[in-house]
Amino acid sequence: MSEVVIITGASKGIGKEIARNLALKGLKVIANYNKSEESIKELKRELEKQEIYIDIVKADVSKREEAKKLVEYTINKYGKIDILINNAGISEYKLFTDETDEDWNKVINTNLYSAFIMCQEVTPNMINNKNGCIINISSIWGIVGASLEVLYSISKAGMNGLTKALAKELGPSNIRVNSIAPGIIKTQMISNLNKKEMEEIKNDIPLERVGEPSDIAKCVEWLVEDKYTTGQIISINGGWVIT
């Protein structure tokens with residue numbers, strides 16, 4: 001049987017492109033979404049025209065019971081989980097002094113707690129099979145921080161810490177854990193930037209362009225295939241930030 005992958009937040013942007021690419025590569029894709037149902041159905045219809053079939057499963061993965069059902073659905077249908085890609089996330093653009101407890105709960109739960117839950121729910125199956133690959137979609141802001149995006153930066157920095165710690169703990173079970181930290185990627189998350197701001201950013205990027213979701217999907221594909229990379233935070237940002 002082909003490798004089985006769960007992708008959270010797969011209905012738009014980076015997650016949708018990851019789901020498309022891995023499905024085209026022949027993996028059994030379980031594409032999770034929470035709100036954007038029509039967008040994920042659009043991908044399903046697109047792939048079916050090529051006789052490629054994916055599972056789409058609605059779940060708010062920041063809630064333990066819904067994440068658990070997503071994992072149970074996958075194991076019941078396919079008997080295993082080879083790969084988990086934690087991509088579910090939201091951004092928050094606001095002055096730090098204006099952030100509320102509600103904002104904290106929303107951003108941290110969606111971006112970080114969901115990854116924590118999903119990792120906990122899939123690892124027993126991976127440990128039992130002595131095989132697994134976990135890829136967390138983080139952000140450059142989790143490495144260097146961003147003004148007006150403090151909560152987002154905290155959530156992604158936490159995801160990077162989760163990645164490093166889990167890589168050490170799960171390595172003896174042949175489970176690889178890595179993060180991809182994108183820079184500016186052409187998705188809905190940067191819709192708050194106007195044309196002038198986008199041009200200024202492009203001028204600061206050595207490769208003189210913002211990234212595409214496919215740039216991240218290609219790195220995911222490599223990490224899925226590679227068998228010796230773990231505990232790494234791979235930043236894909238066109239040279240915008242070099243650490």
# chains A, B, ... in the order shown; residues from 1 in each chain; ligands from 1
$ residues_around --residues "Lys106 in chain A" --least-positions-apart "5" --cutoff "9 Å" --atoms "only C-alpha atoms" --output "list in words"
Ile90, Asp101 and Asn111 of chain A
$ write_last_selection --atoms "N, CA and C atoms" --output "PDB file, in the first residue's frame"
ATOM      1  N   ILE A  90      -3.646  30.112  11.652  1.00  0.00           N
ATOM      2  CA  ILE A  90      -4.225  31.426  11.377  1.00  0.00           C
ATOM      3  C   ILE A  90      -3.201  32.489  11.754  1.00  0.00           C
ATOM      4  N   ASP A 101      -6.926  37.948  25.814  1.00  0.00           N
ATOM      5  CA  ASP A 101      -6.851  36.529  26.162  1.00  0.00           C
ATOM      6  C   ASP A 101      -7.536  35.682  25.099  1.00  0.00           C
ATOM      7  N   ASN A 111      -2.736  27.204  16.041  1.00  0.00           N
ATOM      8  CA  ASN A 111      -1.422  27.006  15.431  1.00  0.00           C
ATOM      9  C   ASN A 111      -0.543  25.994  16.159  1.00  0.00           C
TER      10      ASN A 111
END
$ closest_atom_pairs --of "range 111-178 of chain A" --to "range 205-217 of chain A" --cutoff "12 Å" --atoms "only C-alpha atoms" --output "tab-separated table"
residue	atom	partner	partner_atom	distance
A:Ile135	CA	A:Ala217	CA	11.2
A:Asn136	CA	A:Ile216	CA	11.5
A:Ile137	CA	A:Ile216	CA	8.9
A:Ser138	CA	A:Ile216	CA	11.0
A:Ser139	CA	A:Ile216	CA	11.2
$ write_last_selection --atoms "C-alpha atoms" --output "mmCIF file, in the first residue's frame"
data_model
loop_
_atom_site.group_PDB
_atom_site.id
_atom_site.type_symbol
_atom_site.label_atom_id
_atom_site.label_comp_id
_atom_site.auth_asym_id
_atom_site.auth_seq_id
_atom_site.Cartn_x
_atom_site.Cartn_y
_atom_site.Cartn_z
ATOM 1 C CA ILE A 135 6.388 17.798 9.221
ATOM 2 C CA ASN A 136 5.331 20.993 10.968
ATOM 3 C CA ILE A 137 4.642 24.040 8.801
ATOM 4 C CA SER A 138 6.069 26.832 10.908
ATOM 5 C CA SER A 139 7.135 30.327 9.774
#
$ residues_around --residues "Glu51 in chain A" --least-positions-apart "6" --cutoff "12 Å" --atoms "only C-alpha atoms" --output "number ranges by chain"
A: 23-24, 26, 44-45
$ write_last_selection --atoms "C-alpha atoms" --output "CSV table (one decimal), in the first residue's frame"
chain,number,residue,atom,x,y,z
A,23,ALA,CA,-1.7,12.9,-4.2
A,24,LEU,CA,-0.2,13.3,-7.6
A,26,GLY,CA,0.7,8.5,-5.4
A,44,LYS,CA,-11.0,16.7,-4.8
A,45,ARG,CA,-12.9,17.2,-8.1
$ residues_around --residues "Val71 in chain A" --least-positions-apart "2" --cutoff "9 Å" --atoms "only C-alpha atoms" --output "ChimeraX atom specification"
/A:6,66-69,73-76,81,118,121-122
$ write_last_selection --atoms "C-alpha atoms" --output "PDB file, in the first residue's frame"
ATOM      1  CA  ILE A   6      -2.786  13.330   7.057  1.00  0.00           C
ATOM      2  CA  GLU A  66     -12.178  16.039  16.699  1.00  0.00           C
ATOM      3  CA  ALA A  67      -8.465  15.416  16.118  1.00  0.00           C
ATOM      4  CA  LYS A  68      -8.850  11.958  17.643  1.00  0.00           C
ATOM      5  CA  LYS A  69     -11.727  11.139  15.280  1.00  0.00           C
ATOM      6  CA  TYR A  73     -10.883   7.471  10.684  1.00  0.00           C
ATOM      7  CA  THR A  74      -7.504   7.179   8.971  1.00  0.00           C
ATOM      8  CA  ILE A  75      -6.368   4.104  10.905  1.00  0.00           C
ATOM      9  CA  ASN A  76      -9.730   2.379  10.487  1.00  0.00           C
ATOM     10  CA  ILE A  81      -0.433   6.600   9.387  1.00  0.00           C
ATOM     11  CA  MET A 118      -2.128  15.685  16.351  1.00  0.00           C
ATOM     12  CA  GLU A 121      -2.664  11.114  18.501  1.00  0.00           C
ATOM     13  CA  VAL A 122      -0.583   9.731  15.589  1.00  0.00           C
TER      14      VAL A 122
END
$ closest_residue --among "A:Ala59, A:Val220, A:Ile234, A:Ala165" --to "Leu22 in chain A" --atoms "only C-alpha atoms"
A:Val220
$ closest_residue --among "A:Gly15, A:Gly183, A:Gly171, A:Gly89" --to "Ala146 in chain A" --atoms "only C-alpha atoms"
A:Gly183
$ closest_residue --among "A:Gln188, A:Asn131, A:Thr100, A:Asn125" --to "Lys227 in chain A" --atoms "only C-alpha atoms"
A:Asn131
$ residues_around --residues "Asp60 in chain A" --least-positions-apart "6" --cutoff "10 Å" --atoms "only C-alpha atoms" --output "list of chain:residue names"
A:Thr8, A:Gly9, A:Asn32, A:Tyr33, A:Asn34, A:Lys35, A:Glu66, A:Ala67, A:Leu70, A:Ala88, A:Thr110, A:Ser114
